[in-house]
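Colleague: This is upload.pdb, which holds PDB, C-alpha atoms, pLDDT in the B column:
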```
ATOM      1  CA  SER T 755     119.620  99.626  92.685  1.00 46.00           C
ATOM      2  CA  GLN T 756     117.148  99.557  95.542  1.00 51.00           C
ATOM      3  CA  GLN T 757     118.435  98.334  98.879  1.00 64.00           C
ATOM      4  CA  GLY T 758     115.198  97.910 100.754  1.00 71.00           C
ATOM      5  CA  GLU T 759     112.511  95.382 100.021  1.00 83.00           C
ATOM      6  CA  GLU T 760     109.061  95.600 101.534  1.00 86.00           C
ATOM      7  CA  ASP T 761     106.813  92.659 102.207  1.00 88.00           C
ATOM      8  CA  PRO T 762     104.005  92.142 101.399  1.00 93.00           C
ATOM      9  CA  GLN T 763     103.658  94.028  98.113  1.00 93.00           C
ATOM     10  CA  ALA T 764      99.990  94.647  98.840  1.00 96.00           C
ATOM     11  CA  LEU T 765      97.738  94.433 101.865  1.00 96.00           C
ATOM     12  CA  SER T 766      93.960  94.784 102.149  1.00 97.00           C
ATOM     13  CA  ILE T 767      92.381  95.120 105.583  1.00 96.00           C
ATOM     14  CA  GLN T 768      89.128  96.172 107.211  1.00 97.00           C
ATOM     15  CA  GLU T 769      88.897  99.505 108.982  1.00 97.00           C
ATOM     16  CA  GLY T 770      89.864  99.075 112.612  1.00 97.00           C
ATOM     17  CA  GLU T 771      92.255  96.206 111.976  1.00 97.00           C
ATOM     18  CA  ASN T 772      96.017  96.426 112.338  1.00 97.00           C
ATOM     19  CA  ALA T 773      98.363  96.483 109.348  1.00 97.00           C
ATOM     20  CA  THR T 774     101.899  95.132 109.511  1.00 97.00           C
ATOM     21  CA  MET T 775     104.525  95.431 106.806  1.00 97.00           C
ATOM     22  CA  ASN T 776     108.162  94.439 106.780  1.00 96.00           C
ATOM     23  CA  CYS T 777     111.328  95.787 105.245  1.00 95.00           C
ATOM     24  CA  SER T 778     114.649  94.089 104.671  1.00 95.00           C
ATOM     25  CA  TYR T 779     117.878  95.790 103.656  1.00 93.00           C
ATOM     26  CA  LYS T 780     121.408  94.779 102.789  1.00 90.00           C
ATOM     27  CA  THR T 781     124.110  97.082 104.151  1.00 87.00           C
ATOM     28  CA  SER T 782     124.984  98.881 107.388  1.00 88.00           C
ATOM     29  CA  ILE T 783     122.875 101.938 108.095  1.00 88.00           C
ATOM     30  CA  ASN T 784     122.737 105.011 110.293  1.00 88.00           C
ATOM     31  CA  ASN T 785     118.966 104.974 110.377  1.00 91.00           C
ATOM     32  CA  LEU T 786     115.860 103.632 108.708  1.00 93.00           C
ATOM     33  CA  GLN T 787     112.854 105.723 107.800  1.00 94.00           C
ATOM     34  CA  TRP T 788     109.275 104.982 106.829  1.00 96.00           C
ATOM     35  CA  TYR T 789     107.352 107.158 104.383  1.00 97.00           C
ATOM     36  CA  ARG T 790     103.765 107.199 103.151  1.00 97.00           C
ATOM     37  CA  GLN T 791     102.690 108.149  99.630  1.00 97.00           C
ATOM     38  CA  ASN T 792      99.141 108.814  98.568  1.00 96.00           C
ATOM     39  CA  SER T 793      98.356 108.305  94.901  1.00 92.00           C
ATOM     40  CA  GLY T 794      99.858 111.029  92.730  1.00 89.00           C
ATOM     41  CA  ARG T 795     101.451 112.842  95.655  1.00 92.00           C
ATOM     42  CA  GLY T 796     104.874 113.141  97.193  1.00 93.00           C
ATOM     43  CA  LEU T 797     106.188 111.141 100.117  1.00 95.00           C
ATOM     44  CA  VAL T 798     105.316 112.055 103.678  1.00 96.00           C
ATOM     45  CA  HIS T 799     107.833 111.244 106.389  1.00 95.00           C
ATOM     46  CA  LEU T 800     106.319 109.059 109.123  1.00 97.00           C
ATOM     47  CA  ILE T 801     109.057 107.968 111.468  1.00 96.00           C
ATOM     48  CA  LEU T 802     112.837 107.614 111.717  1.00 94.00           C
ATOM     49  CA  ILE T 803     114.528 104.952 113.818  1.00 95.00           C
ATOM     50  CA  ARG T 804     118.250 105.080 114.496  1.00 93.00           C
ATOM     51  CA  SER T 805     120.456 102.024 114.178  1.00 92.00           C
ATOM     52  CA  ASN T 806     120.947 101.896 117.967  1.00 94.00           C
ATOM     53  CA  GLU T 807     117.194 101.896 118.635  1.00 96.00           C
ATOM     54  CA  ARG T 808     115.037  98.779 118.644  1.00 97.00           C
ATOM     55  CA  GLU T 809     111.521 100.192 118.784  1.00 98.00           C
ATOM     56  CA  LYS T 810     109.841 103.523 118.295  1.00 97.00           C
ATOM     57  CA  HIS T 811     106.264 104.745 118.555  1.00 97.00           C
ATOM     58  CA  SER T 812     104.454 107.678 117.010  1.00 96.00           C
ATOM     59  CA  GLY T 813     100.699 107.867 117.505  1.00 97.00           C
ATOM     60  CA  ARG T 814      99.209 104.730 115.919  1.00 97.00           C
ATOM     61  CA  LEU T 815     102.547 103.763 114.377  1.00 98.00           C
ATOM     62  CA  ARG T 816     105.033 101.322 115.857  1.00 98.00           C
ATOM     63  CA  VAL T 817     108.350 100.619 114.188  1.00 98.00           C
ATOM     64  CA  THR T 818     110.856  97.953 115.128  1.00 98.00           C
ATOM     65  CA  LEU T 819     114.412  97.551 113.907  1.00 97.00           C
ATOM     66  CA  ASP T 820     116.593  94.451 114.075  1.00 97.00           C
ATOM     67  CA  THR T 821     120.039  95.345 112.748  1.00 95.00           C
ATOM     68  CA  SER T 822     121.317  91.773 113.200  1.00 95.00           C
ATOM     69  CA  LYS T 823     118.679  90.580 110.727  1.00 95.00           C
ATOM     70  CA  LYS T 824     118.767  93.801 108.709  1.00 95.00           C
ATOM     71  CA  SER T 825     115.008  94.112 108.951  1.00 96.00           C
ATOM     72  CA  SER T 826     112.322  96.489 110.175  1.00 97.00           C
ATOM     73  CA  SER T 827     108.581  96.364 110.595  1.00 97.00           C
ATOM     74  CA  LEU T 828     105.889  99.031 110.566  1.00 98.00           C
ATOM     75  CA  LEU T 829     102.655  98.422 112.456  1.00 98.00           C
ATOM     76  CA  ILE T 830      99.645 100.670 111.968  1.00 98.00           C
ATOM     77  CA  THR T 831      97.070 100.065 114.670  1.00 97.00           C
ATOM     78  CA  ALA T 832      93.322 100.685 114.409  1.00 97.00           C
ATOM     79  CA  SER T 833      93.552 101.470 110.699  1.00 97.00           C
ATOM     80  CA  ARG T 834      91.372 104.097 109.056  1.00 97.00           C
ATOM     81  CA  ALA T 835      90.305 104.624 105.459  1.00 96.00           C
ATOM     82  CA  ALA T 836      92.722 107.583 105.354  1.00 96.00           C
ATOM     83  CA  ASP T 837      95.622 105.160 105.910  1.00 97.00           C
ATOM     84  CA  THR T 838      95.094 103.827 102.375  1.00 97.00           C
ATOM     85  CA  ALA T 839      98.425 104.575 100.673  1.00 97.00           C
ATOM     86  CA  SER T 840     101.756 103.082  99.677  1.00 97.00           C
ATOM     87  CA  TYR T 841     104.323 102.737 102.429  1.00 97.00           C
ATOM     88  CA  PHE T 842     108.054 102.764 101.781  1.00 96.00           C
ATOM     89  CA  CYS T 843     111.036 102.050 103.956  1.00 95.00           C
ATOM     90  CA  ALA T 844     114.190 103.989 103.198  1.00 94.00           C
ATOM     91  CA  THR T 845     117.705 103.404 104.401  1.00 91.00           C
ATOM     92  CA  ASP T 846     120.746 105.582 104.213  1.00 86.00           C
ATOM     93  CA  ALA T 847     124.215 104.167 103.669  1.00 75.00           C
ATOM     94  CA  PHE T 848     126.514 104.275 106.667  1.00 68.00           C
ATOM     95  CA  SER T 849     129.086 106.317 104.772  1.00 70.00           C
ATOM     96  CA  ASN T 850     126.625 108.364 102.713  1.00 67.00           C
ATOM     97  CA  ASP T 851     123.940 109.565 105.069  1.00 66.00           C
ATOM     98  CA  TYR T 852     122.312 111.822 102.512  1.00 77.00           C
ATOM     99  CA  LYS T 853     121.445 109.139  99.965  1.00 83.00           C
ATOM    100  CA  LEU T 854     118.241 107.240 100.684  1.00 90.00           C
ATOM    101  CA  SER T 855     117.517 103.882  99.098  1.00 91.00           C
ATOM    102  CA  PHE T 856     113.843 102.960  98.883  1.00 93.00           C
ATOM    103  CA  GLY T 857     112.130  99.654  98.404  1.00 90.00           C
ATOM    104  CA  ALA T 858     109.238  99.126  96.004  1.00 92.00           C
ATOM    105  CA  GLY T 859     106.729  99.724  98.784  1.00 95.00           C
ATOM    106  CA  THR T 860     103.688  98.058 100.287  1.00 96.00           C
ATOM    107  CA  THR T 861     100.308  99.190  98.993  1.00 96.00           C
ATOM    108  CA  VAL T 862      97.776  99.230 101.823  1.00 97.00           C
ATOM    109  CA  THR T 863      94.043  99.388 101.181  1.00 97.00           C
ATOM    110  CA  VAL T 864      91.767  99.955 104.158  1.00 97.00           C
ATOM    111  CA  ARG T 865      88.162  98.951 103.466  1.00 95.00           C
ATOM    112  CA  ALA T 866      85.399 100.849 105.205  1.00 90.00           C
TER
ATOM    113  CA  ASP Y1216     104.649 126.239 107.265  1.00 53.00           C
ATOM    114  CA  THR Y1217     105.515 126.087 103.583  1.00 78.00           C
ATOM    115  CA  GLY Y1218     106.710 122.732 102.389  1.00 94.00           C
ATOM    116  CA  VAL Y1219     108.729 121.768  99.332  1.00 97.00           C
ATOM    117  CA  SER Y1220     107.171 123.181  96.187  1.00 97.00           C
ATOM    118  CA  GLN Y1221     107.640 121.746  92.695  1.00 98.00           C
ATOM    119  CA  ASN Y1222     106.600 123.188  89.361  1.00 97.00           C
ATOM    120  CA  PRO Y1223     105.077 122.241  87.072  1.00 97.00           C
ATOM    121  CA  ARG Y1224     103.028 119.385  88.512  1.00 97.00           C
ATOM    122  CA  HIS Y1225     102.610 117.807  85.107  1.00 97.00           C
ATOM    123  CA  LYS Y1226     104.589 118.138  81.891  1.00 97.00           C
ATOM    124  CA  ILE Y1227     103.713 116.533  78.592  1.00 97.00           C
ATOM    125  CA  THR Y1228     106.217 116.909  75.798  1.00 97.00           C
ATOM    126  CA  LYS Y1229     107.295 115.330  72.542  1.00 97.00           C
ATOM    127  CA  ARG Y1230     110.333 113.115  72.351  1.00 97.00           C
ATOM    128  CA  GLY Y1231     113.439 115.119  71.635  1.00 97.00           C
ATOM    129  CA  GLN Y1232     112.309 118.281  73.389  1.00 97.00           C
ATOM    130  CA  ASN Y1233     114.040 119.820  76.397  1.00 98.00           C
ATOM    131  CA  VAL Y1234     112.237 120.212  79.714  1.00 98.00           C
ATOM    132  CA  THR Y1235     113.078 122.015  82.941  1.00 98.00           C
ATOM    133  CA  PHE Y1236     111.592 121.472  86.382  1.00 97.00           C
ATOM    134  CA  ARG Y1237     111.858 123.722  89.395  1.00 98.00           C
ATOM    135  CA  CYS Y1238     112.040 122.895  93.088  1.00 98.00           C
ATOM    136  CA  ASP Y1239     111.727 125.357  95.961  1.00 97.00           C
ATOM    137  CA  PRO Y1240     112.901 123.689  99.174  1.00 97.00           C
ATOM    138  CA  ILE Y1241     111.978 124.534 102.743  1.00 96.00           C
ATOM    139  CA  SER Y1242     113.827 127.788 103.290  1.00 93.00           C
ATOM    140  CA  GLU Y1243     116.108 126.787 106.161  1.00 93.00           C
ATOM    141  CA  HIS Y1244     117.134 123.468 104.587  1.00 95.00           C
ATOM    142  CA  ASN Y1245     120.646 123.448 103.158  1.00 93.00           C
ATOM    143  CA  ARG Y1246     120.363 120.000 101.571  1.00 95.00           C
ATOM    144  CA  LEU Y1247     118.358 119.372  98.421  1.00 96.00           C
ATOM    145  CA  TYR Y1248     117.802 116.083  96.606  1.00 96.00           C
ATOM    146  CA  TRP Y1249     116.303 114.923  93.317  1.00 97.00           C
ATOM    147  CA  TYR Y1250     114.763 111.477  92.905  1.00 96.00           C
ATOM    148  CA  ARG Y1251     112.995 109.717  90.052  1.00 97.00           C
ATOM    149  CA  GLN Y1252     110.070 107.373  90.582  1.00 96.00           C
ATOM    150  CA  THR Y1253     108.522 105.075  88.005  1.00 95.00           C
ATOM    151  CA  LEU Y1254     105.177 103.353  88.356  1.00 92.00           C
ATOM    152  CA  GLY Y1255     105.104 100.697  91.046  1.00 90.00           C
ATOM    153  CA  GLN Y1256     108.610 101.461  92.272  1.00 93.00           C
ATOM    154  CA  GLY Y1257     110.134 103.481  95.061  1.00 94.00           C
ATOM    155  CA  PRO Y1258     112.057 106.681  94.385  1.00 95.00           C
ATOM    156  CA  GLU Y1259     115.599 106.358  93.039  1.00 94.00           C
ATOM    157  CA  PHE Y1260     118.284 108.849  94.016  1.00 93.00           C
ATOM    158  CA  LEU Y1261     119.479 111.128  91.204  1.00 95.00           C
ATOM    159  CA  THR Y1262     121.552 113.894  92.762  1.00 95.00           C
ATOM    160  CA  TYR Y1263     122.180 115.907  95.908  1.00 92.00           C
ATOM    161  CA  PHE Y1264     123.180 119.473  96.767  1.00 95.00           C
ATOM    162  CA  GLN Y1265     124.631 120.867  99.941  1.00 93.00           C
ATOM    163  CA  ASN Y1266     123.942 124.583  99.633  1.00 93.00           C
ATOM    164  CA  GLU Y1267     124.926 125.418  96.031  1.00 93.00           C
ATOM    165  CA  ALA Y1268     127.414 122.562  95.631  1.00 92.00           C
ATOM    166  CA  GLN Y1269     126.318 119.453  93.752  1.00 91.00           C
ATOM    167  CA  LEU Y1270     128.074 116.732  95.723  1.00 90.00           C
ATOM    168  CA  GLU Y1271     126.923 113.534  94.064  1.00 87.00           C
ATOM    169  CA  LYS Y1272     125.290 112.403  90.875  1.00 88.00           C
ATOM    170  CA  SER Y1273     123.846 108.941  90.351  1.00 89.00           C
ATOM    171  CA  ARG Y1274     124.786 106.845  87.347  1.00 86.00           C
ATOM    172  CA  LEU Y1275     121.081 107.201  86.451  1.00 81.00           C
ATOM    173  CA  LEU Y1276     121.796 110.834  85.613  1.00 85.00           C
ATOM    174  CA  SER Y1277     122.988 110.630  82.033  1.00 88.00           C
ATOM    175  CA  ASP Y1278     124.716 113.481  80.205  1.00 92.00           C
ATOM    176  CA  ARG Y1279     121.304 114.684  79.070  1.00 95.00           C
ATOM    177  CA  PHE Y1280     120.410 115.565  82.650  1.00 96.00           C
ATOM    178  CA  SER Y1281     121.718 118.617  84.467  1.00 95.00           C
ATOM    179  CA  ALA Y1282     120.788 120.068  87.822  1.00 96.00           C
ATOM    180  CA  GLU Y1283     121.648 123.395  89.364  1.00 96.00           C
ATOM    181  CA  ARG Y1284     121.092 125.151  92.624  1.00 96.00           C
ATOM    182  CA  PRO Y1285     122.267 128.735  92.184  1.00 91.00           C
ATOM    183  CA  LYS Y1286     122.731 130.633  95.433  1.00 86.00           C
ATOM    184  CA  GLY Y1287     121.792 127.545  97.409  1.00 86.00           C
ATOM    185  CA  SER Y1288     118.067 128.223  97.255  1.00 91.00           C
ATOM    186  CA  PHE Y1289     115.784 126.815  94.539  1.00 96.00           C
ATOM    187  CA  SER Y1290     116.978 124.108  92.167  1.00 98.00           C
ATOM    188  CA  THR Y1291     116.285 123.236  88.550  1.00 98.00           C
ATOM    189  CA  LEU Y1292     116.521 119.887  86.811  1.00 97.00           C
ATOM    190  CA  GLU Y1293     116.831 119.990  83.033  1.00 97.00           C
ATOM    191  CA  ILE Y1294     116.480 117.058  80.686  1.00 97.00           C
ATOM    192  CA  GLN Y1295     117.715 117.603  77.134  1.00 97.00           C
ATOM    193  CA  ARG Y1296     116.574 115.610  74.098  1.00 97.00           C
ATOM    194  CA  THR Y1297     113.951 113.719  76.086  1.00 97.00           C
ATOM    195  CA  GLU Y1298     113.419 110.018  75.446  1.00 96.00           C
ATOM    196  CA  GLN Y1299     110.465 107.712  76.150  1.00 95.00           C
ATOM    197  CA  GLY Y1300     112.329 106.207  79.087  1.00 94.00           C
ATOM    198  CA  ASP Y1301     112.439 109.583  80.808  1.00 96.00           C
ATOM    199  CA  SER Y1302     108.719 109.353  81.557  1.00 97.00           C
ATOM    200  CA  ALA Y1303     108.485 109.268  85.347  1.00 97.00           C
ATOM    201  CA  MET Y1304     107.670 111.280  88.432  1.00 97.00           C
ATOM    202  CA  TYR Y1305     110.549 113.570  89.402  1.00 98.00           C
ATOM    203  CA  LEU Y1306     110.605 114.249  93.123  1.00 97.00           C
ATOM    204  CA  CYS Y1307     112.510 116.901  94.990  1.00 98.00           C
ATOM    205  CA  ALA Y1308     113.258 116.742  98.709  1.00 97.00           C
ATOM    206  CA  SER Y1309     115.090 118.919 101.201  1.00 96.00           C
ATOM    207  CA  SER Y1310     116.472 118.496 104.677  1.00 94.00           C
ATOM    208  CA  LEU Y1311     118.685 119.973 107.318  1.00 93.00           C
ATOM    209  CA  GLU Y1312     122.202 118.618 107.532  1.00 88.00           C
ATOM    210  CA  GLY Y1313     122.723 115.552 109.681  1.00 83.00           C
ATOM    211  CA  PHE Y1314     122.248 111.807 109.384  1.00 78.00           C
ATOM    212  CA  ASP Y1315     119.118 111.823 111.547  1.00 85.00           C
ATOM    213  CA  GLN Y1316     117.296 114.532 109.618  1.00 89.00           C
ATOM    214  CA  PRO Y1317     114.253 113.350 107.639  1.00 91.00           C
ATOM    215  CA  GLN Y1318     113.874 114.382 104.021  1.00 93.00           C
ATOM    216  CA  HIS Y1319     110.770 116.378 103.163  1.00 95.00           C
ATOM    217  CA  PHE Y1320     109.342 115.751  99.713  1.00 96.00           C
ATOM    218  CA  GLY Y1321     107.417 117.870  97.271  1.00 97.00           C
ATOM    219  CA  ASP Y1322     104.479 116.487  95.271  1.00 96.00           C
ATOM    220  CA  GLY Y1323     106.676 115.925  92.254  1.00 97.00           C
ATOM    221  CA  THR Y1324     106.551 116.707  88.562  1.00 97.00           C
ATOM    222  CA  ARG Y1325     105.047 113.987  86.406  1.00 97.00           C
ATOM    223  CA  LEU Y1326     106.730 113.901  83.009  1.00 98.00           C
ATOM    224  CA  SER Y1327     105.053 112.198  80.081  1.00 97.00           C
ATOM    225  CA  ILE Y1328     106.908 111.819  76.787  1.00 96.00           C
ATOM    226  CA  LEU Y1329     104.743 111.418  73.699  1.00 92.00           C
TER
END
```
How does the structure come out when it is put into structure tokens?
Modeller:
Amino acid sequence: SQQGEEDPQALSIQEGENATMNCSYKTSINNLQWYRQNSGRGLVHLILIRSNEREKHSGRLRVTLDTSKKSSSLLITASRAADTASYFCATDAFSNDYKLSFGAGTTVTVRA
Amino acid sequence: DTGVSQNPRHKITKRGQNVTFRCDPISEHNRLYWYRQTLGQGPEFLTYFQNEAQLEKSRLLSDRFSAERPKGSFSTLEIQRTEQGDSAMYLCASSLEGFDQPQHFGDGTRLSIL
């Protein structure tokens, strides 16, 4: 069963706009990760945020984590056509740090 | 920097046949994982190796599935007597040990059962 759930399922934005997607999960975690997947390809790791962190930045990416609400958000600023992809959040289980549980993902389309 | 490599990229086979996929992880990574992904869904955990030891298998991994990692390097995933429901993308990932180590994925093997 999949622990994480992303919202929205799909997002269409104009190039230059910001894209925000959310993830909710159910159990205690060590960390939460965001991955990107282009069509027909594997997943690319974007950012990892530990359970004791509240916010993290990497380039145009900003991730927040609220462990009290068991939720996270990913913000992509100044989107580009190359950001068109599916984005997945993944959580480990506190006692099984090797096993990632993924949501169904958010499909982002950036229009030129 | 060589990433995770998976072969073949695509496999088309008839129902009932056996198939085997190969994964070559990043060389210094001692952890290796197999996931399955169906259309419109996120990857689902199948199994995990620490070096050559297979430490966990998901309930998704029926008796028809077997995975090995001889010598703690490359890994193979075999599916015997394939069924229509086995059609999916099979993803391999590797990582260093530690709860804050990201998993690095290969491009997967897409399996289609005729």
Colleague: Go through the shown structure with the PyMOL selection byres ((chain Y and resi 1306) around 7) and write out the matching residues as a PyMOL selection string.
Modeller: chain Y and resi 1249-1251+1304-1305+1307-1308+1320-1324
Colleague: Record the distance separating atom CA of Y:Glu1312 and atom CA of T:Thr845, expressed in Å with one decimal.
Modeller: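 These atoms are spaced 16.2 Å apart.
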Colleague: I need the output of the PyMOL selection byres ((chain T and resi 814-817) around 6) for this file as a list in words; which residues are they?
Modeller: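 Answer for the PyMOL selection byres ((chain T and resi 814-817) around 6): Glu809, Lys810, His811, Ser812, Gly813, Thr818, Ser827, Leu828, Leu829, Ile830 and Thr831 of chain T.
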Colleague: Run the ChimeraX specification (/T :<12) & /Y on the file and write out the hits as a JSON list (two decimals) with C-alpha atoms, in the coordinates of the input.
Modeller:
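Output saved as part_25.json:
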```
[["chain", "number", "residue", "atom", "x", "y", "z"],
["Y", 1218, "GLY", "CA", 106.71, 122.73, 102.39],
["Y", 1219, "VAL", "CA", 108.73, 121.77, 99.33],
["Y", 1220, "SER", "CA", 107.17, 123.18, 96.19],
["Y", 1221, "GLN", "CA", 107.64, 121.75, 92.70],
["Y", 1224, "ARG", "CA", 103.03, 119.38, 88.51],
["Y", 1225, "HIS", "CA", 102.61, 117.81, 85.11],
["Y", 1245, "ASN", "CA", 120.65, 123.45, 103.16],
["Y", 1246, "ARG", "CA", 120.36, 120.00, 101.57],
["Y", 1247, "LEU", "CA", 118.36, 119.37, 98.42],
["Y", 1248, "TYR", "CA", 117.80, 116.08, 96.61],
["Y", 1249, "TRP", "CA", 116.30, 114.92, 93.32],
["Y", 1250, "TYR", "CA", 114.76, 111.48, 92.90],
["Y", 1251, "ARG", "CA", 113.00, 109.72, 90.05],
["Y", 1252, "GLN", "CA", 110.07, 107.37, 90.58],
["Y", 1253, "THR", "CA", 108.52, 105.08, 88.00],
["Y", 1254, "LEU", "CA", 105.18, 103.35, 88.36],
["Y", 1255, "GLY", "CA", 105.10, 100.70, 91.05],
["Y", 1256, "GLN", "CA", 108.61, 101.46, 92.27],
["Y", 1257, "GLY", "CA", 110.13, 103.48, 95.06],
["Y", 1258, "PRO", "CA", 112.06, 106.68, 94.38],
["Y", 1259, "GLU", "CA", 115.60, 106.36, 93.04],
["Y", 1260, "PHE", "CA", 118.28, 108.85, 94.02],
["Y", 1261, "LEU", "CA", 119.48, 111.13, 91.20],
["Y", 1262, "THR", "CA", 121.55, 113.89, 92.76],
["Y", 1263, "TYR", "CA", 122.18, 115.91, 95.91],
["Y", 1264, "PHE", "CA", 123.18, 119.47, 96.77],
["Y", 1265, "GLN", "CA", 124.63, 120.87, 99.94],
["Y", 1270, "LEU", "CA", 128.07, 116.73, 95.72],
["Y", 1271, "GLU", "CA", 126.92, 113.53, 94.06],
["Y", 1272, "LYS", "CA", 125.29, 112.40, 90.88],
["Y", 1273, "SER", "CA", 123.85, 108.94, 90.35],
["Y", 1274, "ARG", "CA", 124.79, 106.84, 87.35],
["Y", 1275, "LEU", "CA", 121.08, 107.20, 86.45],
["Y", 1303, "ALA", "CA", 108.48, 109.27, 85.35],
["Y", 1304, "MET", "CA", 107.67, 111.28, 88.43],
["Y", 1305, "TYR", "CA", 110.55, 113.57, 89.40],
["Y", 1306, "LEU", "CA", 110.60, 114.25, 93.12],
["Y", 1307, "CYS", "CA", 112.51, 116.90, 94.99],
["Y", 1308, "ALA", "CA", 113.26, 116.74, 98.71],
["Y", 1309, "SER", "CA", 115.09, 118.92, 101.20],
["Y", 1310, "SER", "CA", 116.47, 118.50, 104.68],
["Y", 1311, "LEU", "CA", 118.68, 119.97, 107.32],
["Y", 1312, "GLU", "CA", 122.20, 118.62, 107.53],
["Y", 1313, "GLY", "CA", 122.72, 115.55, 109.68],
["Y", 1314, "PHE", "CA", 122.25, 111.81, 109.38],
["Y", 1315, "ASP", "CA", 119.12, 111.82, 111.55],
["Y", 1316, "GLN", "CA", 117.30, 114.53, 109.62],
["Y", 1317, "PRO", "CA", 114.25, 113.35, 107.64],
["Y", 1318, "GLN", "CA", 113.87, 114.38, 104.02],
["Y", 1319, "HIS", "CA", 110.77, 116.38, 103.16],
["Y", 1320, "PHE", "CA", 109.34, 115.75, 99.71],
["Y", 1321, "GLY", "CA", 107.42, 117.87, 97.27],
["Y", 1322, "ASP", "CA", 104.48, 116.49, 95.27],
["Y", 1323, "GLY", "CA", 106.68, 115.92, 92.25],
["Y", 1324, "THR", "CA", 106.55, 116.71, 88.56],
["Y", 1325, "ARG", "CA", 105.05, 113.99, 86.41]]
```
Colleague: From the list T:Arg834, T:Arg790, T:Arg808, T:Lys823, which residue is nearest T:Cys777 when using all atoms listed in the file?
Modeller: T:Lys823
Colleague: Separation of atom CA of Y:Thr1235 and atom CA of Y:Gln1299, in Å?
Modeller: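 A separation of 16.0 Å between them.
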Colleague: In Å, how far is it from atom CA of Y:Ile1328 to atom CA of Y:Thr1291?
Modeller: 18.9 Å
